[in-house]
Every structure is written in structure tokens, then in C-alpha cells.
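Student: Sharing target09.txt here; it has compact mmCIF, C-alpha atoms and all ligand atoms.
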# COMPACT_ATOMS: atom_id res chain seq x y z
CA MET Z 176 37.08 148.98 149.31
CA ILE Z 177 36.31 145.32 149.71
CA ASP Z 178 33.71 143.81 152.03
CA VAL Z 179 35.78 141.64 154.36
CA ASN Z 180 32.77 140.37 156.34
CA LYS Z 181 31.19 139.07 153.16
CA ILE Z 182 34.45 137.54 151.97
CA ARG Z 183 35.06 135.80 155.29
CA LYS Z 184 31.79 133.91 154.93
CA ASP Z 185 33.29 132.18 151.88
CA PHE Z 186 36.18 130.76 153.93
CA PRO Z 187 34.90 127.90 156.13
CA ILE Z 188 38.22 127.49 157.94
CA LEU Z 189 38.00 131.01 159.36
CA GLU Z 190 35.11 129.81 161.54
CA ARG Z 191 37.51 127.64 163.50
CA LYS Z 192 38.41 128.66 167.02
CA PHE Z 193 41.69 128.16 168.84
CA ASN Z 194 41.88 128.49 172.63
CA GLY Z 195 38.22 129.56 172.40
CA LYS Z 196 39.19 132.54 170.25
CA ARG Z 197 38.41 133.47 166.66
CA MET Z 198 41.40 132.54 164.53
CA ILE Z 199 43.40 135.47 163.20
CA TYR Z 200 45.25 134.11 160.20
CA LEU Z 201 48.26 136.30 159.41
CA ASP Z 202 50.33 133.86 157.39
CA SER Z 203 49.00 134.19 153.84
CA THR Z 204 52.50 134.78 152.55
CA ALA Z 205 53.21 131.13 153.39
CA THR Z 206 49.87 129.91 152.02
CA SER Z 207 46.45 131.46 151.63
CA GLN Z 208 43.18 130.02 152.89
CA LYS Z 209 40.69 128.68 150.33
CA PRO Z 210 37.17 129.93 149.61
CA ILE Z 211 34.28 127.49 149.30
CA GLN Z 212 34.11 128.25 145.56
CA VAL Z 213 37.55 126.68 145.10
CA ILE Z 214 36.78 123.72 147.37
CA ASP Z 215 33.49 123.12 145.49
CA ALA Z 216 35.15 123.35 142.07
CA ILE Z 217 37.61 120.61 143.08
CA SER Z 218 34.88 118.44 144.53
CA ASP Z 219 32.72 118.98 141.41
CA TYR Z 220 35.65 117.95 139.24
CA TYR Z 221 36.01 114.62 141.06
CA LYS Z 222 32.26 114.03 141.30
CA ASN Z 223 31.51 114.71 137.65
CA TYR Z 224 34.52 115.01 135.37
CA ASN Z 225 37.46 112.95 136.54
CA ALA Z 226 39.39 111.20 133.75
CA ASN Z 227 42.94 111.40 132.45
CA VAL Z 228 43.44 114.30 130.05
CA HIS Z 229 44.75 114.52 126.46
CA ARG Z 230 44.54 110.74 126.15
CA GLY Z 231 41.00 109.40 125.99
CA ILE Z 232 38.74 109.93 123.03
CA TYR Z 233 35.64 109.15 125.08
CA GLY Z 234 33.39 112.01 126.15
CA LEU Z 235 34.39 112.12 129.82
CA SER Z 236 38.08 112.41 129.01
CA GLU Z 237 37.33 115.14 126.49
CA GLU Z 238 35.36 117.06 129.13
CA ALA Z 239 38.24 116.72 131.64
CA THR Z 240 40.69 117.91 128.95
CA ASP Z 241 38.42 120.82 128.17
CA LEU Z 242 38.29 121.86 131.84
CA TYR Z 243 42.08 121.60 132.12
CA GLU Z 244 42.70 123.67 128.97
CA LYS Z 245 40.03 126.25 129.90
CA SER Z 246 41.80 126.67 133.24
CA ARG Z 247 45.00 127.39 131.33
CA GLU Z 248 43.22 130.06 129.27
CA ASN Z 249 41.75 131.62 132.40
CA VAL Z 250 45.15 131.82 134.10
CA SER Z 251 46.63 133.22 130.89
CA ASN Z 252 44.03 136.02 130.77
CA PHE Z 253 44.56 136.77 134.45
CA ILE Z 254 48.17 137.85 133.84
CA ASN Z 255 47.39 139.28 130.41
CA SER Z 256 49.42 136.72 128.53
CA LYS Z 257 48.47 136.78 124.87
CA GLN Z 258 48.67 133.01 124.36
CA ALA Z 259 47.44 130.20 126.57
CA GLU Z 260 50.43 128.17 125.27
CA SER Z 261 52.64 130.45 127.34
CA ILE Z 262 51.21 128.91 130.52
CA VAL Z 263 53.01 125.78 131.75
CA PHE Z 264 51.39 124.10 134.73
CA VAL Z 265 53.96 123.02 137.32
CA ARG Z 266 53.75 122.19 141.02
CA ASN Z 267 54.73 125.60 142.41
CA THR Z 268 57.08 128.56 142.03
CA THR Z 269 59.98 126.41 143.15
CA GLU Z 270 59.44 123.91 140.34
CA ALA Z 271 59.03 126.68 137.77
CA LEU Z 272 62.38 128.20 138.78
CA ASN Z 273 64.09 124.80 138.82
CA LEU Z 274 62.73 124.15 135.33
CA LEU Z 275 64.31 127.39 134.15
CA ALA Z 276 67.62 126.80 135.91
CA TYR Z 277 67.80 123.35 134.31
CA THR Z 278 66.76 124.26 130.77
CA LEU Z 279 68.31 127.73 130.44
CA GLY Z 280 71.26 126.48 132.48
CA LYS Z 281 72.04 123.94 129.75
CA LYS Z 282 72.83 126.84 127.42
CA LEU Z 283 75.24 128.52 129.84
CA LYS Z 284 79.00 128.11 129.67
CA ASP Z 285 81.94 128.43 132.02
CA GLY Z 286 82.28 132.12 132.92
CA ASP Z 287 78.69 133.09 132.11
CA GLU Z 288 76.92 135.12 134.77
CA ILE Z 289 73.54 135.33 136.46
CA ILE Z 290 72.38 138.37 138.41
CA THR Z 291 69.90 138.00 141.24
CA THR Z 292 69.42 139.79 144.59
CA VAL Z 293 70.09 139.24 148.29
CA MET Z 294 66.36 139.42 149.03
CA GLU Z 295 65.41 136.28 147.08
CA HIS Z 296 63.58 133.28 148.44
CA HIS Z 297 65.82 130.18 148.45
CA SER Z 298 63.88 128.92 145.43
CA ASN Z 299 65.38 131.73 143.34
CA ILE Z 300 68.90 131.13 144.64
CA VAL Z 301 69.54 127.42 145.14
CA PRO Z 302 68.51 126.22 141.63
CA TRP Z 303 70.96 128.75 140.12
CA GLN Z 304 73.69 127.71 142.55
CA PHE Z 305 73.51 124.21 140.99
CA LEU Z 306 75.07 125.84 137.90
CA LYS Z 307 78.22 126.82 139.78
CA GLU Z 308 79.53 123.34 138.92
CA LYS Z 309 79.67 124.50 135.30
CA GLY Z 310 81.63 127.59 136.24
CA VAL Z 311 78.60 129.91 136.10
CA LYS Z 312 79.04 132.94 138.35
CA ILE Z 313 76.17 134.36 140.44
CA LYS Z 314 76.16 138.03 141.35
CA TYR Z 315 73.83 139.46 144.00
CA ILE Z 316 72.31 142.95 144.08
CA ASP Z 317 72.44 144.40 147.59
CA ILE Z 318 69.74 146.35 149.43
CA ASN Z 319 69.60 149.87 150.88
CA GLU Z 320 68.91 150.51 154.56
CA ASP Z 321 65.17 150.82 153.83
CA GLY Z 322 65.03 147.38 152.20
CA THR Z 323 64.82 148.59 148.60
CA LEU Z 324 67.20 147.26 145.97
CA LYS Z 325 70.36 149.20 145.14
CA MET Z 326 69.21 149.76 141.59
CA ASP Z 327 72.52 151.32 140.48
CA GLU Z 328 74.22 147.99 141.06
CA PHE Z 329 72.43 146.42 138.10
CA ASN Z 330 74.34 148.68 135.73
CA ASN Z 331 77.56 148.15 137.70
CA LEU Z 332 77.37 144.35 137.80
CA ILE Z 333 75.99 143.58 134.36
CA THR Z 334 78.48 142.46 131.66
CA GLU Z 335 78.26 140.82 128.27
CA ARG Z 336 78.56 137.49 130.11
CA THR Z 337 75.31 138.18 132.03
CA LYS Z 338 72.86 135.75 130.48
CA ILE Z 339 70.07 135.85 133.06
CA ILE Z 340 68.64 138.39 135.49
CA THR Z 341 66.17 136.85 137.93
CA VAL Z 342 64.43 138.93 140.59
CA THR Z 343 61.51 138.64 142.96
CA HIS Z 344 58.66 141.04 142.26
CA VAL Z 345 57.78 141.34 145.97
CA SER Z 346 60.02 140.24 148.84
CA ASN Z 347 58.39 137.71 151.18
CA VAL Z 348 60.27 139.27 154.12
CA LEU Z 349 60.81 142.97 153.44
CA GLY Z 350 57.59 143.37 151.50
CA THR Z 351 59.52 145.52 149.03
CA ILE Z 352 57.85 145.83 145.62
CA ASN Z 353 60.70 145.94 143.13
CA ASP Z 354 60.67 148.07 140.00
CA ILE Z 355 60.74 145.03 137.76
CA LYS Z 356 59.80 146.91 134.62
CA HIS Z 357 62.97 148.93 134.95
CA ILE Z 358 65.08 145.86 135.76
CA GLY Z 359 63.57 144.08 132.73
CA LYS Z 360 64.68 146.95 130.47
CA ILE Z 361 68.23 146.69 131.80
CA ALA Z 362 68.19 142.93 131.18
CA HIS Z 363 66.85 143.19 127.64
CA GLU Z 364 69.16 146.02 126.62
CA ASN Z 365 71.95 143.62 127.53
CA GLY Z 366 70.36 140.68 125.70
CA SER Z 367 69.83 138.78 128.98
CA TYR Z 368 66.78 136.69 129.86
CA PHE Z 369 64.58 138.36 132.46
CA ILE Z 370 62.82 136.15 135.02
CA VAL Z 371 60.36 137.38 137.64
CA ASP Z 372 59.47 135.44 140.79
CA GLY Z 373 55.82 136.42 141.12
CA ALA Z 374 55.01 134.21 144.15
CA GLN Z 375 54.19 137.26 146.28
CA SER Z 376 52.89 139.60 143.61
CA VAL Z 377 50.44 137.66 141.41
CA PRO Z 378 48.18 136.86 144.41
CA HIS Z 379 48.17 140.44 145.67
CA MET Z 380 48.20 142.98 142.83
CA PRO Z 381 47.51 143.29 139.11
CA VAL Z 382 50.38 141.66 137.22
CA ASP Z 383 50.52 142.14 133.46
CA VAL Z 384 53.24 140.20 131.67
CA GLU Z 385 52.90 142.28 128.50
CA ASN Z 386 53.42 145.47 130.44
CA ILE Z 387 56.33 144.14 132.51
CA ASP Z 388 57.80 142.52 129.40
CA CYS Z 389 59.34 139.67 131.38
CA ASP Z 390 60.51 136.56 129.57
CA PHE Z 391 59.31 134.34 132.40
CA LEU Z 392 57.07 134.67 135.45
CA ALA Z 393 56.73 132.01 138.16
CA PHE Z 394 53.95 131.76 140.76
CA SER Z 395 52.11 129.31 143.04
CA GLY Z 396 48.38 128.54 143.12
CA HIS Z 397 48.29 127.90 146.87
CA LYS Z 398 49.27 131.48 147.72
CA MET Z 399 46.38 132.91 145.68
CA LEU Z 400 43.38 131.02 147.13
CA GLY Z 401 44.01 127.96 144.95
CA PRO Z 402 45.00 124.42 145.96
CA MET Z 403 48.47 123.21 146.82
CA GLY Z 404 50.46 121.34 144.18
CA ILE Z 405 49.65 123.61 141.24
CA GLY Z 406 51.81 126.46 140.05
CA VAL Z 407 52.52 128.34 136.88
CA LEU Z 408 55.47 129.09 134.69
CA TYR Z 409 54.62 131.79 132.17
CA GLY Z 410 57.13 132.05 129.34
CA LYS Z 411 57.27 133.95 126.05
CA LYS Z 412 56.21 131.32 123.54
CA GLU Z 413 59.09 131.86 121.15
CA ILE Z 414 61.56 131.24 123.97
CA LEU Z 415 59.68 128.20 125.34
CA ASP Z 416 59.63 126.79 121.78
CA GLU Z 417 63.39 126.72 121.56
CA MET Z 418 64.03 125.38 125.08
CA ASP Z 419 64.74 121.72 125.82
CA PRO Z 420 62.25 119.80 127.96
CA PHE Z 421 62.74 119.54 131.74
CA MET Z 422 61.41 116.06 132.49
CA GLY Z 423 60.82 113.16 130.13
CA GLY Z 424 57.90 110.73 129.99
CA GLY Z 425 54.31 110.59 128.79
CA GLU Z 426 52.41 113.66 127.53
CA MET Z 427 55.54 115.62 126.63
CA ILE Z 428 56.45 113.68 123.48
CA ASN Z 429 55.51 113.77 119.86
CA GLU Z 430 56.95 110.36 118.88
CA VAL Z 431 59.12 107.88 120.74
CA HIS Z 432 61.20 105.14 119.13
CA LEU Z 433 63.97 103.02 120.50
CA SER Z 434 66.35 105.27 118.62
CA GLY Z 435 65.06 108.47 120.27
CA ALA Z 436 62.11 110.82 120.72
CA THR Z 437 60.68 114.14 119.55
CA TRP Z 438 58.83 116.60 121.72
CA ALA Z 439 55.25 117.78 121.88
CA ASP Z 440 54.57 121.47 121.25
CA VAL Z 441 54.59 123.88 124.18
CA PRO Z 442 53.22 123.88 126.80
CA LEU Z 443 52.85 120.07 126.86
CA LYS Z 444 56.58 119.70 126.16
CA PHE Z 445 57.08 120.82 129.77
CA GLU Z 446 54.22 118.84 131.32
CA ALA Z 447 55.55 115.28 131.54
CA GLY Z 448 53.21 112.70 133.08
CA THR Z 449 49.61 112.98 134.23
CA PRO Z 450 49.07 116.60 135.22
CA ASN Z 451 47.34 118.03 138.28
CA VAL Z 452 43.96 118.55 136.63
CA GLU Z 453 42.15 119.06 139.92
CA GLY Z 454 44.75 121.69 140.81
CA ALA Z 455 44.30 123.55 137.53
CA VAL Z 456 40.52 123.52 137.96
CA GLY Z 457 40.85 124.78 141.54
CA LEU Z 458 43.31 127.47 140.49
CA SER Z 459 40.92 128.62 137.79
CA ALA Z 460 38.15 128.95 140.40
CA ALA Z 461 40.57 130.96 142.56
CA VAL Z 462 41.34 133.24 139.62
CA ASN Z 463 37.60 133.79 139.11
CA TYR Z 464 37.21 134.65 142.78
CA LEU Z 465 40.04 137.20 142.65
CA LYS Z 466 38.80 138.65 139.34
CA ASN Z 467 35.39 139.16 140.96
CA ILE Z 468 36.95 141.24 143.72
CA GLY Z 469 39.31 142.99 141.30
CA MET Z 470 43.09 142.89 141.73
CA GLU Z 471 43.27 146.70 142.06
CA ASN Z 472 40.93 146.38 145.05
CA VAL Z 473 43.00 143.56 146.55
CA ARG Z 474 46.09 145.76 146.31
CA GLU Z 475 44.33 148.82 147.77
CA HIS Z 476 42.97 146.77 150.66
CA GLU Z 477 46.41 145.43 151.54
CA LYS Z 478 47.94 148.90 151.30
CA TYR Z 479 45.32 150.12 153.75
CA LEU Z 480 46.01 147.23 156.15
CA VAL Z 481 49.78 147.54 155.98
CA ASN Z 482 49.61 151.29 156.59
CA TYR Z 483 47.44 150.78 159.65
CA ALA Z 484 49.59 147.91 160.95
CA LEU Z 485 52.84 149.88 160.56
CA LYS Z 486 51.29 152.85 162.36
CA ARG Z 487 50.19 150.62 165.24
CA ILE Z 488 53.62 148.94 165.38
CA GLU Z 489 55.35 152.33 165.49
CA GLU Z 490 53.07 153.44 168.34
CA PHE Z 491 53.72 150.16 170.12
CA ASN Z 492 57.34 151.20 170.52
CA GLY Z 493 59.65 148.29 171.10
CA ILE Z 494 59.47 146.56 167.75
CA THR Z 495 61.78 146.77 164.76
CA PHE Z 496 60.23 146.05 161.40
CA TYR Z 497 62.12 145.45 158.18
CA GLY Z 498 61.56 146.88 154.71
CA PRO Z 499 60.23 150.18 153.39
CA ARG Z 500 57.80 152.33 155.40
CA ASP Z 501 56.08 153.60 152.26
CA SER Z 502 53.08 151.38 151.43
CA GLU Z 503 53.30 152.47 147.78
CA ILE Z 504 56.34 150.23 147.45
CA ARG Z 505 55.41 147.62 150.03
CA GLY Z 506 53.16 144.57 149.90
CA GLY Z 507 51.04 143.26 152.79
CA VAL Z 508 53.82 141.60 154.75
CA ILE Z 509 55.62 142.77 157.88
CA ALA Z 510 58.64 140.95 159.29
CA PHE Z 511 59.56 142.18 162.76
CA ASN Z 512 61.54 141.60 165.95
CA PHE Z 513 61.34 142.87 169.49
CA LYS Z 514 63.92 145.48 170.45
CA ASN Z 515 64.33 147.75 173.49
CA VAL Z 516 63.99 145.22 176.26
CA LYS Z 517 63.16 147.68 179.04
CA ASN Z 518 63.64 145.28 181.93
CA GLU Z 519 67.35 145.79 182.52
CA LYS Z 520 67.93 142.45 184.17
CA ILE Z 521 66.39 140.60 181.26
CA ALA Z 522 68.18 142.77 178.71
CA LYS Z 523 71.51 142.03 180.39
CA ALA Z 524 70.79 138.31 180.67
CA LEU Z 525 69.88 138.17 177.00
CA MET Z 526 72.98 140.11 175.99
CA ASP Z 527 75.23 137.95 178.17
CA GLU Z 528 73.83 134.86 176.49
CA GLY Z 529 74.13 136.55 173.10
CA ILE Z 530 70.50 135.82 172.30
CA MET Z 531 67.52 137.83 171.20
CA ILE Z 532 63.84 137.50 171.97
CA HIS Z 533 63.45 134.60 169.62
CA PRO Z 534 60.77 134.93 166.94
CA HIS Z 535 59.65 131.34 167.68
CA ASP Z 536 58.83 132.38 171.26
CA VAL Z 537 56.97 135.42 169.95
CA ALA Z 538 54.96 133.30 167.50
CA SER Z 539 54.15 130.72 170.21
CA ILE Z 540 52.85 133.37 172.56
CA LEU Z 541 50.82 135.04 169.78
CA ASP Z 542 49.31 131.62 169.15
CA ILE Z 543 47.84 131.64 172.67
CA ASN Z 544 45.66 134.51 171.39
CA ALA Z 545 44.91 132.54 168.18
CA VAL Z 546 47.06 135.00 166.22
CA MET Z 547 48.92 132.97 163.61
CA VAL Z 548 52.19 134.39 162.32
CA ARG Z 549 55.25 132.78 160.79
CA SER Z 550 58.65 132.79 162.47
CA GLY Z 551 62.07 131.77 161.25
CA HIS Z 552 64.26 132.69 158.28
CA HIS Z 553 61.35 132.52 155.80
CA CYS Z 554 63.51 130.63 153.27
CA ALA Z 555 65.59 133.77 152.88
CA GLN Z 556 68.74 133.01 154.87
CA PRO Z 557 71.02 135.17 152.69
CA LEU Z 558 68.74 138.10 153.50
CA MET Z 559 68.86 137.26 157.22
CA ASP Z 560 72.69 137.23 156.96
CA ARG Z 561 72.57 140.59 155.22
CA LEU Z 562 70.34 142.03 157.95
CA GLY Z 563 72.57 140.49 160.62
CA ILE Z 564 69.76 138.56 162.30
CA PRO Z 565 68.99 134.85 162.52
CA ALA Z 566 65.25 135.13 162.10
CA THR Z 567 62.13 137.28 162.39
CA SER Z 568 58.44 136.92 163.12
CA ARG Z 569 56.26 137.80 160.15
CA ALA Z 570 52.63 138.89 159.84
CA SER Z 571 51.04 138.96 156.41
CA PHE Z 572 47.63 140.01 155.17
CA TYR Z 573 45.10 139.10 152.52
CA ILE Z 574 41.53 139.80 151.47
CA TYR Z 575 40.00 138.14 154.56
CA ASN Z 576 41.92 140.30 157.06
CA ASP Z 577 40.71 143.59 158.46
CA LEU Z 578 41.64 146.26 161.01
CA ASP Z 579 40.20 144.15 163.86
CA ASP Z 580 42.72 141.44 163.02
CA ILE Z 581 45.52 143.97 163.29
CA ASP Z 582 44.19 145.26 166.61
CA GLU Z 583 44.09 141.67 167.91
CA PHE Z 584 47.64 141.22 166.66
CA ILE Z 585 48.84 144.30 168.54
CA ASN Z 586 46.99 143.19 171.71
CA ALA Z 587 48.68 139.82 171.40
CA LEU Z 588 52.06 141.56 171.07
CA ASP Z 589 51.27 143.26 174.37
CA ASN Z 590 50.74 139.82 175.81
CA VAL Z 591 54.20 138.80 174.55
CA LYS Z 592 55.65 141.69 176.52
CA LYS Z 593 53.79 140.55 179.65
CA VAL Z 594 54.67 136.86 179.33
CA LEU Z 595 58.34 137.54 178.62
CA LYS Z 596 58.40 140.36 181.20
CA LEU Z 597 60.02 142.71 178.66
C1 LIG Z 601 59.04 135.18 146.98
C2 LIG Z 601 58.82 133.70 147.00
N1 LIG Z 601 59.33 132.96 146.03
C3 LIG Z 601 59.15 131.63 145.98
C4 LIG Z 601 58.45 130.98 146.96
C5 LIG Z 601 58.29 129.50 146.87
O1 LIG Z 601 56.95 129.15 146.71
P1 LIG Z 601 56.53 127.63 146.71
O2 LIG Z 601 56.94 127.06 148.03
O3 LIG Z 601 55.05 127.66 146.52
O4 LIG Z 601 57.24 126.99 145.59
C6 LIG Z 601 57.90 131.71 148.02
C7 LIG Z 601 57.19 131.04 149.10
O5 LIG Z 601 56.98 131.55 150.16
C8 LIG Z 601 58.08 133.11 148.02
O6 LIG Z 601 57.59 133.86 149.00
Could you render the structure as C-alpha cells?
Ligand SMILES: Cc1ncc(COP(=O)(O)O)c(C=O)c1O

Tutor:
Amino acid sequence: MIDVNKIRKDFPILERKFNGKRMIYLDSTATSQKPIQVIDAISDYYKNYNANVHRGIYGLSEEATDLYEKSRENVSNFINSKQAESIVFVRNTTEALNLLAYTLGKKLKDGDEIITTVMEHHSNIVPWQFLKEKGVKIKYIDINEDGTLKMDEFNNLITERTKIITVTHVSNVLGTINDIKHIGKIAHENGSYFIVDGAQSVPHMPVDVENIDCDFLAFSGHKMLGPMGIGVLYGKKEILDEMDPFMGGGEMINEVHLSGATWADVPLKFEAGTPNVEGAVGLSAAVNYLKNIGMENVREHEKYLVNYALKRIEEFNGITFYGPRDSEIRGGVIAFNFKNVKNEKIAKALMDEGIMIHPHDVASILDINAVMVRSGHHCAQPLMDRLGIPATSRASFYIYNDLDDIDEFINALDNVKKVLKL
């Protein structure tokens, strides 16, 4: 088990107080906090190494290039990719998925199909919807009552026109951990590309691209202790090699003439313009921090927290949570809403108005107790439609959270009941 007290000391922001209370940060699904090791690595980069990369032949530029490329290797090892060239630095998961929709999308024809799921983040839906203009059809796998995917539907929906299957590894709302290895097999048996949205898995559990055998994996640095503005697209090198570039400009070319241009080798082919060197360096420091703790330990810790939190929520009586109860197939995220308004007058008034206890109100009242949760549709409106709700509140956990945080969270939920007279 991990030593949360020791870890917390590495996160300066967690010393902040709100309303005179210790801050309880339960929104790591949106973005994680950053340890001093990451902050120092970025500051060290600017103090001692800053220069543009891949361009200068002077020593400082070579050192900056070296740091950038070593960061790539470190990230590559972290997900057990065999080649550093498989790692394309992008801004975030969203950019990685847009890159794929643009480049793979170019190969698709009228009538081709993409399979994804109803539990995706908008960033794994909207970029594919752009392809509808070309006549590409998108099919969505539904969920069971417990928030797991209806796995049978993959075999029912797949056809020879299915060119891409793209699925989130862990849902940012339901917490469901999908059996992506199995889905990948279905995709490959059909000759389809298999894409994994790893935004909520890579930060929280061991992810091994060789073992999963995905063609692509997308994730964001800022959700895994790293800085904002740096993300990763992993791709099998032989597929990246044959793909067209996404953006044009400096860095991504081999030669340019007025008559046309040729492309640099991967990964630079996909990294047009000056890259986010500081971000790559910071992400590498974040990877080192996580490796030090051990990703198995991160996963075990979150399982322990989510089990405890679900037990406390069940005892609390009056809250609906979404997604599976079994922590073996659930990440450290709990989306929830208030149900059972016991005060009859209030229940009737709410029903008459056709409204619910709005998650924004819940989050605002939790904030009085310095408990920070997210509220809204969590960029998963199709999932909200499927669940028949407009929004939820959502608490999510990471390495700096412990049982005390969950107790404070439950106490704050009690306060919501009092304030709203439920
Ligand atoms: C499952 C999932 N996919 C994609 C994203 C998008 O990440 P980003 O905003 O860093 O691009 C998120 C962000 O919350 C997410 O949870």
C-alpha cells in the first residue's frame, strides 16, 4: 500500500486551505495535481536547457533535443512500447484522437463504418462525427444496467465495412474498465484498426500496449501528474509510417520545394512546429514519479478507496451512483446523484417543476467544506442521454487521496442534505 502522507508532502497545492479547511481534491479525473518533482523539472528546463529542438547544432540546442528525445523514450517504456518512434507528442488525448480521425478518416469511403460506444468522452465521438460528411457510418455499442459494455453487440454490429473500432479503456463517468484486449481481438480478426482512449487508464493502472495489442493509444499528461498541453499518441510504427501527416509546417518535413514537399520520418512527421519541450520534460518527470510508486500500487490504492467510498455511499442511503459495483472492473471515479428526497413537500415541488437536485448545487455546497468535485455532463452527453439524466456530480481519486478524504466527502454530503433540507 502506498504512503499517502508522504506523497502529499510532494504536492504543494494540497497545503492550500479553502474556507479555513484543508482542501479535499476529488477531481483528478478532470486533471491531476502536480508533485514538486514535476514543477522542478520544468523550472530546471527553463533555467538551464531552454533552446529550440532538432534545429540548432550548438551544444545547448543539442542538450534540449536530448532531453526531449529522452522524455519520449521514458514515456515509451512506461507503456511498454518497443520503439520510441511510436510515441507522438501532441497536446492531449483530444488532439491525438483528432489526428487519427483526420488521417485514418482520409482512407475511409462512403459506406465505411466505425464502431465506438455510448460511454465515450466527446473527444472520441465528435472527431469521428466529422466523417459523416463523407458518408461514414458510426455505430455505438450500448451498456448494460450495471454500466458495463454489451460485449455481444461488437459481434452483432461489426461488418466487413467496419474499418475502425475505437473504445475508451476506462469510462470517465461510470468508471467501467473495459475488456479492451478482447475488443482488440474482435477488431483485428475483422481487419479493423483498434484505437484505445487511455485518458483514464494510463494515469491509474499498468497499461501495456504490447499486451493489449492496440494499434493506437491516446492519453493526456495533465491527468497523470504532468503539465497541461502535452499528450501522447502511441501508434504501431508500421501503421504510422504509412499514414499521411496531420498538420504541415516546420519539423515535419524532409524537403520542401515550390513544387511540393516530402515528410520527415515518424514521429516527427506528426509533430509540426516547435514542440512542447517543457511539457515533454515535465511528463517524463511525472512518469518517473509514478514508476517510483509502481502502477500496480496506484491501481490497488484506488481500488481500496473506491471500495470504501462505495460502501459509505451505500450506507448513506439517498444517493444513486452509476457504473459497476465491483471494484475489479471499476476505476477510481464515482458519478452520483441524490435520490429519495424524504421531505415530501420538497420532493413534490421538485417533481412539479420537473427538476432534480442539481449536481451543480451539490458541488457548490460540497465546496463550502472544501470538498472539490466535478458536476455536469463530464463531456459525455450521449451517456447522460442513455442514462436519462442531464448531469451528475462526480468524485474521483488518485494517489494523494485517502480514507479521511472520503470521510470528509461523506460528511459534506450530509451537509448538502441539511442545506437543501432533503
Ligand atoms: C475518457 C476521456 N477521454 C478523453 C478525455 C479528453 O482529455 P483531454 O481534455 O486532456 O484531451 C478525457 C478528459 O476528461 C477523458 O476522461

Student: With all atoms listed in the file as the basis for distance, which of Z:Lys466, Z:Lys222, Z:Arg569, Z:His363 is at the shortest distance from ligand LIG 601 (chain Z)?

Tutor: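 For ligand LIG 601 (chain Z), the nearest of the candidates is Z:Arg569.
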
Student: Please list as a PyMOL selection string every residue within 6 Å of region 335-343 of chain Z, counting all atoms listed in the file and excluding residues in the same chain fewer than 4 positions away.

Tutor: chain Z and resi 287-291+367-372

Student: Check which residues of region 472-518 of chain Z sit at most 12 Å from region 178-195 of chain Z using only C-alpha atoms, and return one row each with the closest pair of atoms and their distance in Å to one decimal, ordered by chain and rising number, as a tab-separated table.

Tutor:
residue	atom	partner	partner_atom	distance
Z:Asn472	CA	Z:Asp178	CA	10.4
Z:Val473	CA	Z:Asp178	CA	10.8
Z:His476	CA	Z:Val179	CA	9.6
Z:Glu477	CA	Z:Val179	CA	11.6
Z:Leu480	CA	Z:Val179	CA	11.8

Student: Which residue, Z:Leu433, Z:Ala393, Z:Leu201, Z:Ile232, has the smallest gap to Ser376 (chain Z) when you use all atoms listed in the file?

Tutor: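 Of Z:Leu433, Z:Ala393, Z:Leu201, Z:Ile232, the one nearest Ser376 (chain Z) is Z:Ala393, counting all atoms listed in the file.
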
Student: Could you tell me which of Z:Leu415, Z:Asn365, Z:Pro378, Z:Ile405 comes closest to Gly457 (chain Z) if we count all atoms listed in the file?

Tutor: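 Nearest to Gly457 (chain Z): Z:Ile405.
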
Student: State, in Å with one decimal place, the distance from CA of Tyr243 (chain Z) to CA of Met399 (chain Z).

Tutor: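 These atoms are spaced 18.2 Å apart.
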
Student: Nearest to ligand LIG 601 (chain Z): which of Z:Pro420, Z:Gly350, Z:Gly359, Z:Gly425 is it, counting only C-alpha atoms and all ligand atoms?

Tutor: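 Using only C-alpha atoms and all ligand atoms, the shortest distance to ligand LIG 601 (chain Z) belongs to Z:Gly350.
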
Student: Any idea what's packed within 10 Å of Asp542 (chain Z), counting all atoms listed in the file, ignoring anything in its chain fewer than 6 positions away? Could you give it as a ChimeraX atom specification?

Tutor: /Z:193-194,198-199,536,548,587

Student: Quick one: residues within 9 Å of ligand LIG 601 (chain Z), with all atoms listed in the file, as a ChimeraX atom specification?

Tutor: /Z:204-206,266-272,294-299,343-348,372-376,393-398,403-406,553-555

Student: When distances are computed from only C-alpha atoms, which of Z:Tyr575, Z:Tyr409, Z:Phe584, Z:Tyr497 shows the smallest separation from Met559 (chain Z)?

Tutor: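 Result for the nearest residue to Met559 (chain Z): Z:Tyr497.
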
Student: As a list in words, please: the residues near Lys307 (chain Z) (cut-off 12 Å, only C-alpha atoms, same-chain neighbours under 2 positions excluded).

Tutor: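 Listing them by chain and then by number gives Ala276, Gly280, Leu283, Lys284, Asp285, Gly286, Asp287, Glu288, Ile289, Ile300, Val301, Pro302, Trp303, Gln304, Phe305, Lys309, Gly310, Val311, Lys312, Ile313 and Lys314 of chain Z.
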
Student: Taking all atoms listed in the file into account, name the residue in Z:Phe329, Z:Tyr464, Z:Tyr200, Z:Phe391 that is nearest to Asn249 (chain Z).

Tutor: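 Once distances to Asn249 (chain Z) are computed over all atoms listed in the file, the minimum belongs to Z:Tyr464.
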
Student: How far is it from CA of Glu475 (chain Z) to CA of Phe572 (chain Z), in Å with one decimal?

Tutor: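 Atom-to-atom, CA of Glu475 (chain Z) and CA of Phe572 (chain Z) are spaced 12.0 Å apart.
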
Student: Given the point (39.5, 114.4, 135.3) in the file's coordinates, find the residues that have an atom at most 8 Å from it, counting all atoms listed in the file, and give them as a PyMOL selection string.

Tutor: chain Z and resi 220-221+224-228+235-236+238-240+452-453

Student: How many Å separate CA of Ile488 (chain Z) from CA of His535 (chain Z)?

Tutor: 18.7 Å

Student: Tell me which protein, DNA and RNA residues are within 7 Å of Leu458 (chain Z), counting all atoms listed in the file, leaving out same-chain ones fewer than 4 positions away, and put them as a PyMOL selection string.

Tutor: chain Z and resi 396+401-402+454+462

Student: Could you write those residues out with C-alpha atoms, as a PDB file, in the frame of the given file?

Tutor:
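Here's the written file result.pdb:
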ATOM      1  CA  GLY Z 396      48.380 128.540 143.120  1.00  0.00           C
ATOM      2  CA  GLY Z 401      44.010 127.960 144.950  1.00  0.00           C
ATOM      3  CA  PRO Z 402      45.000 124.420 145.960  1.00  0.00           C
ATOM      4  CA  GLY Z 454      44.750 121.690 140.810  1.00  0.00           C
ATOM      5  CA  VAL Z 462      41.340 133.240 139.620  1.00  0.00           C
TER       6      VAL Z 462
END

Student: Neighbouring residues of Met422 (chain Z) were defined as those with any atom within 9 Å, considering all atoms listed in the file; residues of the same chain fewer than 6 positions away were excluded. Please report them as a list in words.

Tutor: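 Result of the neighbour search: Leu274, Lys444, Phe445, Glu446, Ala447 and Gly448 of chain Z.
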
Student: Show me as a list in words the residues that reach within 12 Å of (50.1, 139.7, 127.8), counting all atoms listed in the file and using the file's own coordinates.

Tutor: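 Every polymer residue passing the test: Glu248, Val250, Ser251, Asn252, Phe253, Ile254, Asn255, Ser256, Lys257, Gln258, Ala259, Glu260, Ser261, Ile262, Val382, Asp383, Val384, Glu385, Asn386, Ile387, Asp388, Cys389, Asp390, Phe391, Leu392, Tyr409, Gly410, Lys411 and Lys412 of chain Z.
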